[in-house]
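Chemist: Input run_1.csv, format and content: CSV, C-alpha atoms.
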chain,number,residue,atom,x,y,z
N,1,MET,CA,111.7,17.4,159.8
N,2,ASP,CA,109.2,17.0,162.7
N,3,LYS,CA,108.1,13.5,162.0
N,4,ASP,CA,110.2,10.7,160.5
N,5,MET,CA,109.2,9.9,157.0
N,6,TYR,CA,109.1,6.4,155.7
N,7,ILE,CA,108.9,5.7,151.9
N,8,LEU,CA,108.5,2.2,150.4
N,9,GLY,CA,110.5,1.9,147.2
N,10,ILE,CA,109.8,-0.6,144.4
N,11,GLU,CA,112.1,-1.3,141.5
N,12,THR,CA,111.4,-3.7,138.6
N,13,SER,CA,112.8,-2.0,135.5
N,14,CYS,CA,114.9,-4.9,134.3
N,15,ASP,CA,116.0,-8.1,135.9
N,16,GLU,CA,116.1,-7.2,139.6
N,17,THR,CA,112.9,-7.4,141.8
N,18,ALA,CA,113.5,-5.0,144.7
N,19,ALA,CA,111.8,-3.4,147.6
N,20,SER,CA,113.1,-1.1,150.2
N,21,VAL,CA,112.1,1.2,153.1
N,22,VAL,CA,114.0,4.4,153.4
N,23,LYS,CA,113.7,6.8,156.4
N,24,ASN,CA,113.9,10.6,155.8
N,25,GLY,CA,115.3,10.1,152.3
N,26,HIS,CA,118.8,9.0,153.4
N,27,GLU,CA,118.6,6.1,155.9
N,28,ILE,CA,118.1,2.6,154.6
N,29,ILE,CA,115.9,0.6,156.9
N,30,SER,CA,115.6,-2.4,154.6
N,31,ASN,CA,116.7,-3.2,151.1
N,32,VAL,CA,115.7,-6.5,149.5
N,33,VAL,CA,116.8,-7.5,146.0
N,34,ALA,CA,115.9,-10.7,144.2
N,35,SER,CA,118.3,-11.1,141.4
N,36,GLN,CA,117.7,-13.0,138.1
N,37,ILE,CA,121.3,-13.2,137.0
N,38,GLN,CA,121.5,-17.0,137.3
N,39,SER,CA,118.3,-17.4,135.2
N,40,GLN,CA,119.4,-15.0,132.5
N,41,GLN,CA,123.0,-16.1,132.2
N,42,ARG,CA,122.2,-19.0,130.0
N,43,PHE,CA,120.8,-16.6,127.4
N,44,GLY,CA,123.7,-14.2,127.5
N,45,GLY,CA,121.5,-11.3,128.4
N,46,VAL,CA,118.1,-10.4,129.7
N,47,VAL,CA,115.0,-12.0,128.0
N,48,PRO,CA,112.1,-9.6,128.7
N,49,GLU,CA,109.4,-12.3,129.0
N,50,ILE,CA,111.5,-14.3,131.5
N,51,ALA,CA,112.3,-11.2,133.5
N,52,SER,CA,108.6,-10.4,133.7
N,53,ARG,CA,107.7,-13.9,134.9
N,54,HIS,CA,110.3,-13.7,137.6
N,55,HIS,CA,109.0,-10.3,138.8
N,56,VAL,CA,105.4,-11.8,139.1
N,57,GLU,CA,106.8,-14.6,141.2
N,58,GLN,CA,108.9,-12.3,143.5
N,59,ILE,CA,107.2,-8.9,143.8
N,60,THR,CA,104.8,-9.7,146.7
N,61,LEU,CA,107.6,-11.6,148.6
N,62,VAL,CA,110.1,-8.8,148.4
N,63,ILE,CA,107.6,-6.2,149.5
N,64,GLU,CA,106.6,-8.3,152.5
N,65,GLU,CA,110.2,-9.0,153.4
N,66,ALA,CA,111.2,-5.3,153.1
N,67,LEU,CA,108.4,-4.4,155.6
N,68,ALA,CA,109.3,-7.3,157.9
N,69,VAL,CA,113.0,-6.3,158.0
N,70,ALA,CA,112.1,-2.7,158.6
N,71,ASP,CA,109.7,-3.9,161.4
N,72,LEU,CA,107.0,-1.6,160.0
N,73,GLU,CA,103.3,-1.9,159.1
N,74,PRO,CA,101.8,-0.3,156.0
N,75,SER,CA,100.2,2.2,158.2
N,76,ASP,CA,103.6,3.5,159.2
N,77,LEU,CA,104.5,4.5,155.7
N,78,ASP,CA,104.0,7.9,154.1
N,79,ALA,CA,104.1,6.9,150.4
N,80,VAL,CA,105.0,4.3,147.9
N,81,ALA,CA,107.7,5.2,145.2
N,82,VAL,CA,108.1,3.0,142.1
N,83,THR,CA,110.2,3.1,139.0
N,84,GLU,CA,107.9,4.5,136.2
N,85,GLY,CA,110.6,4.2,133.5
N,86,PRO,CA,112.7,3.8,131.5
N,87,GLY,CA,113.0,0.0,131.4
N,88,LEU,CA,111.4,-3.1,130.0
N,89,VAL,CA,107.7,-2.3,129.6
N,90,GLY,CA,106.5,-5.7,130.9
N,91,ALA,CA,108.8,-5.5,133.9
N,92,LEU,CA,107.9,-1.9,134.7
N,93,LEU,CA,104.2,-2.7,134.6
N,94,ILE,CA,104.5,-5.4,137.3
N,95,GLY,CA,106.2,-3.1,139.7
N,96,ILE,CA,103.8,-0.2,139.0
N,97,ASN,CA,100.7,-2.3,139.4
N,98,ALA,CA,102.0,-3.8,142.6
N,99,ALA,CA,102.8,-0.3,143.9
N,100,LYS,CA,99.4,1.1,142.9
N,101,ALA,CA,97.6,-1.9,144.5
N,102,PHE,CA,99.5,-1.5,147.7
N,103,ALA,CA,99.0,2.2,147.8
N,104,PHE,CA,95.3,2.0,147.1
N,105,ALA,CA,94.8,-0.8,149.7
N,106,ASN,CA,96.6,1.2,152.4
N,107,GLY,CA,95.4,4.8,151.5
N,108,LEU,CA,98.9,5.9,150.5
N,109,PRO,CA,100.1,8.3,147.7
N,110,VAL,CA,102.1,6.7,144.9
N,111,ILE,CA,105.1,8.4,143.3
N,112,GLY,CA,106.5,7.5,139.8
N,113,VAL,CA,110.3,7.8,139.8
N,114,HIS,CA,112.7,8.0,136.8
N,115,HIS,CA,115.2,5.1,137.0
N,116,ILE,CA,118.2,7.3,136.4
N,117,ALA,CA,117.0,9.9,139.0
N,118,GLY,CA,117.0,6.9,141.4
N,119,HIS,CA,120.6,6.1,140.5
N,120,ILE,CA,121.6,9.7,141.1
N,121,TYR,CA,119.9,9.7,144.5
N,122,ALA,CA,121.6,6.6,145.6
N,123,ASN,CA,124.4,9.0,146.5
N,124,GLN,CA,122.1,10.7,149.0
N,125,LEU,CA,122.0,7.5,150.9
N,126,MET,CA,125.7,7.9,151.7
N,127,GLN,CA,126.1,11.7,152.1
N,128,PRO,CA,124.2,15.0,151.5
N,129,MET,CA,124.0,16.2,147.9
N,130,LYS,CA,125.5,19.7,147.5
N,131,PHE,CA,124.6,21.9,144.6
N,132,PRO,CA,125.5,22.6,141.9
N,133,LEU,CA,126.7,19.0,141.3
N,134,LEU,CA,127.6,17.0,138.3
N,135,ALA,CA,126.4,13.4,138.0
N,136,LEU,CA,128.1,10.9,135.7
N,137,ILE,CA,125.6,8.1,134.9
N,138,VAL,CA,127.1,4.9,133.5
N,139,SER,CA,124.9,1.9,133.1
N,140,GLY,CA,123.8,-0.7,130.6
N,141,GLY,CA,121.5,1.6,128.7
N,142,HIS,CA,122.7,5.1,129.7
N,143,THR,CA,125.9,7.1,129.6
N,144,GLU,CA,125.1,10.7,130.6
N,145,LEU,CA,126.5,13.8,132.3
N,146,VAL,CA,123.8,15.6,134.2
N,147,LEU,CA,124.2,19.0,135.9
N,148,MET,CA,122.0,19.6,138.9
N,149,GLU,CA,121.4,23.1,140.4
N,150,GLN,CA,119.0,21.9,143.0
N,151,HIS,CA,116.9,18.9,144.0
N,152,GLY,CA,114.9,17.6,141.1
N,153,SER,CA,116.6,19.8,138.5
N,154,PHE,CA,118.3,17.8,135.7
N,155,ASN,CA,120.2,19.5,132.9
N,156,LEU,CA,121.5,16.9,130.4
N,157,ILE,CA,124.8,18.3,129.1
N,158,GLY,CA,126.2,15.1,127.5
N,159,GLU,CA,124.9,11.6,126.5
N,160,THR,CA,125.8,8.6,124.4
N,161,ARG,CA,125.2,8.8,120.7
N,162,ASP,CA,125.2,5.0,120.2
N,163,ASP,CA,126.2,2.2,122.6
N,164,ALA,CA,126.2,3.1,126.3
N,165,ALA,CA,129.3,2.1,128.3
N,166,GLY,CA,127.5,-0.9,129.9
N,167,GLU,CA,126.3,-2.1,126.5
N,168,ALA,CA,129.8,-1.9,125.1
N,169,TYR,CA,131.1,-3.9,128.1
N,170,ASP,CA,128.6,-6.7,127.6
N,171,LYS,CA,129.1,-6.9,123.8
N,172,VAL,CA,132.9,-7.0,124.1
N,173,ALA,CA,132.6,-9.6,126.9
N,174,ARG,CA,130.5,-11.7,124.6
N,175,VAL,CA,133.1,-11.4,121.8
N,176,LEU,CA,135.7,-12.6,124.3
N,177,GLY,CA,133.6,-15.5,125.4
N,178,LEU,CA,133.1,-14.1,128.9
N,179,PRO,CA,129.9,-14.8,130.9
N,180,TYR,CA,127.0,-12.4,131.3
N,181,PRO,CA,127.0,-9.8,132.8
N,182,GLY,CA,130.3,-9.0,131.1
N,183,GLY,CA,131.3,-5.8,132.9
N,184,PRO,CA,132.7,-7.4,136.1
N,185,HIS,CA,134.6,-10.0,134.2
N,186,ILE,CA,136.3,-7.4,131.9
N,187,ASP,CA,137.1,-5.3,134.9
N,188,LYS,CA,138.7,-8.2,136.7
N,189,LEU,CA,140.8,-9.2,133.6
N,190,ALA,CA,141.8,-5.6,132.9
N,191,LEU,CA,143.1,-5.0,136.5
N,192,GLU,CA,145.1,-8.3,136.4
N,193,SER,CA,146.6,-7.7,133.0
N,194,ASP,CA,150.3,-6.6,132.6
N,195,GLU,CA,149.7,-5.5,129.0
N,196,ALA,CA,147.0,-3.6,127.1
N,197,VAL,CA,146.0,-3.4,123.4
N,198,ASP,CA,146.0,0.2,122.2
N,199,PHE,CA,142.5,1.0,121.1
N,200,PRO,CA,141.1,4.3,119.9
N,201,ARG,CA,139.5,7.0,122.0
N,202,ALA,CA,136.3,8.6,120.7
N,203,TRP,CA,136.5,12.3,121.8
N,204,LEU,CA,134.0,13.6,119.2
N,205,GLU,CA,134.0,17.4,118.8
N,206,PRO,CA,136.4,19.4,121.0
N,207,ASP,CA,133.6,21.0,123.0
N,208,SER,CA,131.3,18.0,123.2
N,209,TYR,CA,130.4,16.2,126.4
N,210,ASP,CA,128.7,13.4,124.4
N,211,PHE,CA,130.0,9.9,124.3
N,212,SER,CA,130.4,7.2,121.6
N,213,PHE,CA,131.5,3.6,122.3
N,214,SER,CA,130.2,1.8,119.2
N,215,GLY,CA,133.5,2.5,117.3
N,216,LEU,CA,135.5,1.1,120.2
N,217,LYS,CA,133.4,-2.0,120.2
N,218,SER,CA,134.0,-2.5,116.5
N,219,ALA,CA,137.7,-1.9,116.9
N,220,VAL,CA,137.8,-4.7,119.5
N,221,ILE,CA,135.9,-7.1,117.2
N,222,ASN,CA,138.2,-6.2,114.2
N,223,TYR,CA,141.3,-6.7,116.3
N,224,LYS,CA,140.2,-10.2,117.4
N,225,HIS,CA,139.1,-11.2,113.9
N,226,ASN,CA,142.4,-10.0,112.4
N,227,LEU,CA,144.5,-12.0,114.8
N,228,GLU,CA,142.3,-15.1,114.3
N,229,GLN,CA,142.7,-14.8,110.5
N,230,LYS,CA,146.5,-14.7,111.0
N,231,GLY,CA,146.4,-17.7,113.3
N,232,GLU,CA,147.7,-15.6,116.2
N,233,GLU,CA,146.6,-15.9,119.8
N,234,VAL,CA,144.1,-13.5,121.2
N,235,VAL,CA,144.8,-12.8,124.9
N,236,PRO,CA,141.5,-11.8,126.5
N,237,ALA,CA,143.2,-10.0,129.4
N,238,HIS,CA,145.2,-7.7,127.0
N,239,VAL,CA,142.0,-6.9,125.0
N,240,ALA,CA,140.0,-6.2,128.2
N,241,ALA,CA,142.7,-4.0,129.6
N,242,GLY,CA,142.9,-1.9,126.4
N,243,PHE,CA,139.2,-1.7,126.1
N,244,GLN,CA,138.7,-0.6,129.7
N,245,GLN,CA,141.5,2.0,129.5
N,246,SER,CA,139.8,3.6,126.5
N,247,VAL,CA,136.4,3.7,128.2
N,248,VAL,CA,137.7,5.0,131.5
N,249,GLU,CA,140.0,7.7,130.0
N,250,VAL,CA,137.1,9.2,128.0
N,251,LEU,CA,134.6,9.1,130.9
N,252,THR,CA,137.1,10.6,133.3
N,253,GLU,CA,138.4,13.3,131.0
N,254,LYS,CA,135.0,14.5,129.9
N,255,THR,CA,133.6,14.5,133.5
N,256,LEU,CA,136.6,16.5,134.7
N,257,ARG,CA,136.3,19.0,131.9
N,258,ALA,CA,132.6,19.5,132.6
N,259,ALA,CA,133.1,19.8,136.4
N,260,LYS,CA,135.6,22.6,135.8
N,261,GLU,CA,133.5,24.4,133.3
N,262,TYR,CA,130.4,24.5,135.4
N,263,GLY,CA,132.2,25.1,138.8
N,264,VAL,CA,130.4,22.3,140.6
N,265,LYS,CA,130.7,21.7,144.4
N,266,GLN,CA,130.4,17.9,144.0
N,267,VAL,CA,130.9,15.2,141.4
N,268,ILE,CA,129.0,11.9,141.8
N,269,ALA,CA,129.0,8.7,139.8
N,270,ALA,CA,125.9,6.5,139.5
N,271,GLY,CA,124.7,3.4,137.7
N,272,GLY,CA,125.8,-0.2,137.3
N,273,VAL,CA,129.1,0.6,135.6
N,274,ALA,CA,130.0,2.9,138.5
N,275,ALA,CA,130.8,-0.3,140.3
N,276,ASN,CA,133.7,-0.8,137.9
N,277,LYS,CA,136.9,-0.7,140.0
N,278,GLY,CA,139.0,0.8,137.2
N,279,LEU,CA,136.6,3.6,136.7
N,280,ARG,CA,136.2,4.3,140.4
N,281,ALA,CA,139.9,4.5,140.9
N,282,SER,CA,140.5,6.8,137.9
N,283,LEU,CA,137.7,9.2,139.0
N,284,ASP,CA,138.8,9.2,142.6
N,285,GLU,CA,142.4,9.9,141.7
N,286,VAL,CA,141.7,12.7,139.2
N,287,PHE,CA,139.2,14.6,141.4
N,288,GLU,CA,141.4,14.2,144.5
N,289,LYS,CA,144.2,16.0,142.6
N,290,GLU,CA,141.7,18.8,141.5
N,291,GLY,CA,140.3,19.2,145.0
N,292,ILE,CA,136.8,18.6,143.9
N,293,PRO,CA,134.7,16.3,146.2
N,294,PHE,CA,133.9,13.1,144.4
N,295,TYR,CA,131.5,10.4,145.6
N,296,VAL,CA,130.3,7.0,144.4
N,297,PRO,CA,127.9,4.7,146.2
N,298,PRO,CA,129.0,1.2,147.4
N,299,ILE,CA,128.7,-1.4,144.7
N,300,SER,CA,125.4,-2.7,146.3
N,301,LEU,CA,123.8,0.7,145.6
N,302,CYS,CA,125.3,1.1,142.1
N,303,THR,CA,123.4,-1.8,140.7
N,304,ASP,CA,119.6,-1.7,140.5
N,305,ASN,CA,117.9,-1.5,143.9
N,306,ALA,CA,114.8,0.0,145.5
N,307,ALA,CA,116.5,2.1,148.2
N,308,MET,CA,117.6,4.5,145.4
N,309,ILE,CA,114.0,4.7,144.2
N,310,ALA,CA,112.8,5.4,147.7
N,311,ALA,CA,115.5,8.1,148.2
N,312,ALA,CA,114.5,9.9,145.0
N,313,GLY,CA,110.8,9.4,145.8
N,314,THR,CA,111.3,11.1,149.2
N,315,SER,CA,112.6,14.2,147.6
N,316,MET,CA,109.7,14.1,145.0
N,317,PHE,CA,107.2,13.6,147.8
N,318,GLN,CA,108.6,16.7,149.7
N,319,SER,CA,108.3,18.7,146.4
N,320,GLY,CA,104.7,17.6,146.0
N,321,LYS,CA,105.5,15.6,142.8
N,322,LEU,CA,103.0,12.8,143.2
N,323,GLY,CA,101.7,10.2,140.7
N,324,THR,CA,98.2,9.0,140.1
N,325,MET,CA,96.4,5.7,139.8
N,326,GLU,CA,96.5,6.2,136.0
N,327,MET,CA,100.3,5.8,136.0
N,328,ASN,CA,101.6,3.5,133.3
N,329,GLY,CA,104.9,2.0,132.4
N,330,ARG,CA,107.0,4.4,130.3
N,331,PRO,CA,109.9,2.5,128.7
N,332,GLY,CA,111.2,5.6,126.9
N,333,MET,CA,110.7,8.1,129.8
N,334,GLU,CA,112.9,11.1,129.6
N,335,LEU,CA,114.7,12.5,132.6
N,336,ALA,CA,112.7,15.7,133.2
N,337,SER,CA,113.1,18.2,136.1
N,338,TRP,CA,110.4,17.7,138.7
N,339,ASN,CA,109.0,21.2,138.1
N,340,SER,CA,108.7,20.4,134.4
N,341,GLU,CA,105.3,19.7,132.8
N,342,ASN,CA,106.9,16.8,131.0
N,343,LYS,CA,105.4,14.1,133.2
Can you give me the file's structure in the form of C-alpha cells?
Modeler:
Amino acid sequence: MDKDMYILGIETSCDETAASVVKNGHEIISNVVASQIQSQQRFGGVVPEIASRHHVEQITLVIEEALAVADLEPSDLDAVAVTEGPGLVGALLIGINAAKAFAFANGLPVIGVHHIAGHIYANQLMQPMKFPLLALIVSGGHTELVLMEQHGSFNLIGETRDDAAGEAYDKVARVLGLPYPGGPHIDKLALESDEAVDFPRAWLEPDSYDFSFSGLKSAVINYKHNLEQKGEEVVPAHVAAGFQQSVVEVLTEKTLRAAKEYGVKQVIAAGGVAANKGLRASLDEVFEKEGIPFYVPPISLCTDNAAMIAAAGTSMFQSGKLGTMEMNGRPGMELASWNSENK
C-alpha cells in the first residue's frame, strides 16, 4: 500500500452511536462510542424510538470527536463506511443519512457495510485474517457459522432456527430478575456458581450446523415455575450456570466439528456474546488442544462499534464495492458475498 488509507466508520444499528477512523484496514486511530444502556435499562430492552432519538442527539458529536482524536480533517479521509443493515430501521437511517451527508459535503465515496461483516472484520483489527477461516457469530440477533474462502466471501453453513444466543441470554436474565443487558450478569453468576442445573442440549440433526435455543429458554422457565409451585427456592446462580453450560457446549462442539470438516486455517469469534468469558475460555481451550489457531477480539471490539465497520469498509473499498447516495436502511439485509449481485 503506497499511501496510507483512512476510512471513517459510522455505526448506529441498535443502541450504540459510534464513529471511528481506521488506518489501512487494521489500525484504530480513534474509536468513539456513545452508549444508551443507562437510558434503555429501565425498559428492560431497547426501545427503537428512544434509540433513534439518542442517535440524532449524538451522531454529529461522535463523528466530530472521532476526527478530533484521530487529528485528521475530512480531506485526509478516503471514504466513509456505514452500517447499512441489519438493525433497527430508524436507527440505521440516522447513521446512513449522516454518512451520506458527510460524504457528499466532502467529496468522498460512501460504503454500505453489513453489520455482521463488521463483527467478523473486528478480528482484522487484532491480527491478519488467514483463509479459509471459520467465523462463529454470536450476538443478540444472530448465531451463525460462516465459512470464508477469501475477503468478502461469506458462506453461511449454520444459523439459528429460533432465538439467537444473545436473545436467549436476555430472556433468561429477565426470568431470573437480572438487569438488562442480561448476558454479562448470567456470565458472572455462572462463573461464580459451585453448582449447575442440568438443562438439555439442542443438537438438532446429526450433520446440522444450525442452532436452536428456544427450547433451552423454555426449559429454564419451566424449571423456575415448577420450583416456585412447590414452594422451593430458585438459586439464580445455579440456573445461570446450567443455562450457560448448555449454550457454550453446543456452540463449541458445532464450531469445532465445522472447523475440522472444512479444514480451516483459522477460527474466529465475533459479536456481543463473544465477550462472554465462559464461551471464550471454552473455545480457547478446545482449539488449543486441536492445534487450530483461534482468535477473539477484546471485549471492547465484540460489542457494537464503528472501528469494525471501518475495517470491513476498507476491504470493500479495496474491492471496489461502493455504495451510492440512494443507499437506504435495510433492516433485513442478508450477508451476501461482495462479488454477489445481492446488494
Chemist: Tell me, as a count of residues only, which residues lie within 10 Å of range 49-58 of chain N, counting only C-alpha atoms; anything in the same chain fewer than 2 positions away does not count.
Modeler: 30
Chemist: Can you list, as a PyMOL selection string, every protein, DNA or RNA residue that comes within 7 Å of Ser30 in chain N when you count only C-alpha atoms, leaving out same-chain residues fewer than 4 positions away?
Modeler: chain N and resi 20-21+66+69-70
Chemist: What does the distance from CA of Ala269 in chain N to CA of Lys321 in chain N come to in Å, to one decimal?
Modeler: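 Atom-to-atom, CA of Ala269 in chain N to CA of Lys321 in chain N, that is 24.7 Å.
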Chemist: CA of Lys224 in chain N and CA of Ala196 in chain N are how many Å apart?
Modeler: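 Computed distance, CA of Lys224 in chain N to CA of Ala196 in chain N, equals 13.6 Å.
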Chemist: Considering all atoms listed in the file, state which residue in the set N:Val235, N:Ala270, N:Ala240, N:Ala135 is at the smallest distance from Ala258 in chain N.
Modeler: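 When distances to Ala258 in chain N are compared using all atoms listed in the file, the smallest one comes from N:Ala135.
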Chemist: Anything within 12 Å of (131.3, 11.1, 122.0): list those residues as JSON, numbers by chain, counting all atoms listed in the file and sticking to the file's coordinates.
Modeler: {"N": [143, 144, 145, 158, 159, 160, 161, 162, 163, 164, 165, 201, 202, 203, 204, 205, 206, 207, 208, 209, 210, 211, 212, 213, 214, 215, 216, 247, 250, 251, 253, 254]}
Chemist: Go ahead and save the residues from that selection, with C-alpha atoms, as a PDB file, keeping the file's coordinate frame.
Modeler:
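Written output follows (result09.pdb):
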ATOM      1  CA  THR N 143     125.900   7.100 129.600  1.00  0.00           C
ATOM      2  CA  GLU N 144     125.100  10.700 130.600  1.00  0.00           C
ATOM      3  CA  LEU N 145     126.500  13.800 132.300  1.00  0.00           C
ATOM      4  CA  GLY N 158     126.200  15.100 127.500  1.00  0.00           C
ATOM      5  CA  GLU N 159     124.900  11.600 126.500  1.00  0.00           C
ATOM      6  CA  THR N 160     125.800   8.600 124.400  1.00  0.00           C
ATOM      7  CA  ARG N 161     125.200   8.800 120.700  1.00  0.00           C
ATOM      8  CA  ASP N 162     125.200   5.000 120.200  1.00  0.00           C
ATOM      9  CA  ASP N 163     126.200   2.200 122.600  1.00  0.00           C
ATOM     10  CA  ALA N 164     126.200   3.100 126.300  1.00  0.00           C
ATOM     11  CA  ALA N 165     129.300   2.100 128.300  1.00  0.00           C
ATOM     12  CA  ARG N 201     139.500   7.000 122.000  1.00  0.00           C
ATOM     13  CA  ALA N 202     136.300   8.600 120.700  1.00  0.00           C
ATOM     14  CA  TRP N 203     136.500  12.300 121.800  1.00  0.00           C
ATOM     15  CA  LEU N 204     134.000  13.600 119.200  1.00  0.00           C
ATOM     16  CA  GLU N 205     134.000  17.400 118.800  1.00  0.00           C
ATOM     17  CA  PRO N 206     136.400  19.400 121.000  1.00  0.00           C
ATOM     18  CA  ASP N 207     133.600  21.000 123.000  1.00  0.00           C
ATOM     19  CA  SER N 208     131.300  18.000 123.200  1.00  0.00           C
ATOM     20  CA  TYR N 209     130.400  16.200 126.400  1.00  0.00           C
ATOM     21  CA  ASP N 210     128.700  13.400 124.400  1.00  0.00           C
ATOM     22  CA  PHE N 211     130.000   9.900 124.300  1.00  0.00           C
ATOM     23  CA  SER N 212     130.400   7.200 121.600  1.00  0.00           C
ATOM     24  CA  PHE N 213     131.500   3.600 122.300  1.00  0.00           C
ATOM     25  CA  SER N 214     130.200   1.800 119.200  1.00  0.00           C
ATOM     26  CA  GLY N 215     133.500   2.500 117.300  1.00  0.00           C
ATOM     27  CA  LEU N 216     135.500   1.100 120.200  1.00  0.00           C
ATOM     28  CA  VAL N 247     136.400   3.700 128.200  1.00  0.00           C
ATOM     29  CA  VAL N 250     137.100   9.200 128.000  1.00  0.00           C
ATOM     30  CA  LEU N 251     134.600   9.100 130.900  1.00  0.00           C
ATOM     31  CA  GLU N 253     138.400  13.300 131.000  1.00  0.00           C
ATOM     32  CA  LYS N 254     135.000  14.500 129.900  1.00  0.00           C
TER      33      LYS N 254
END
Chemist: Restricting the calculation to all atoms listed in the file, which member of N:Lys188, N:Phe43, N:Ile309, N:Lys23 is positioned closest to Ile116 in chain N?
Modeler: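 Among N:Lys188, N:Phe43, N:Ile309, N:Lys23, it is N:Ile309 that comes nearest to Ile116 in chain N.
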Chemist: Which one of N:Glu167, N:Glu27, N:Asp2, N:Glu249 sits closest to Pro128 in chain N if you count all atoms listed in the file?
Modeler: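 Of the candidates, the smallest distance to Pro128 in chain N is held by N:Glu27.
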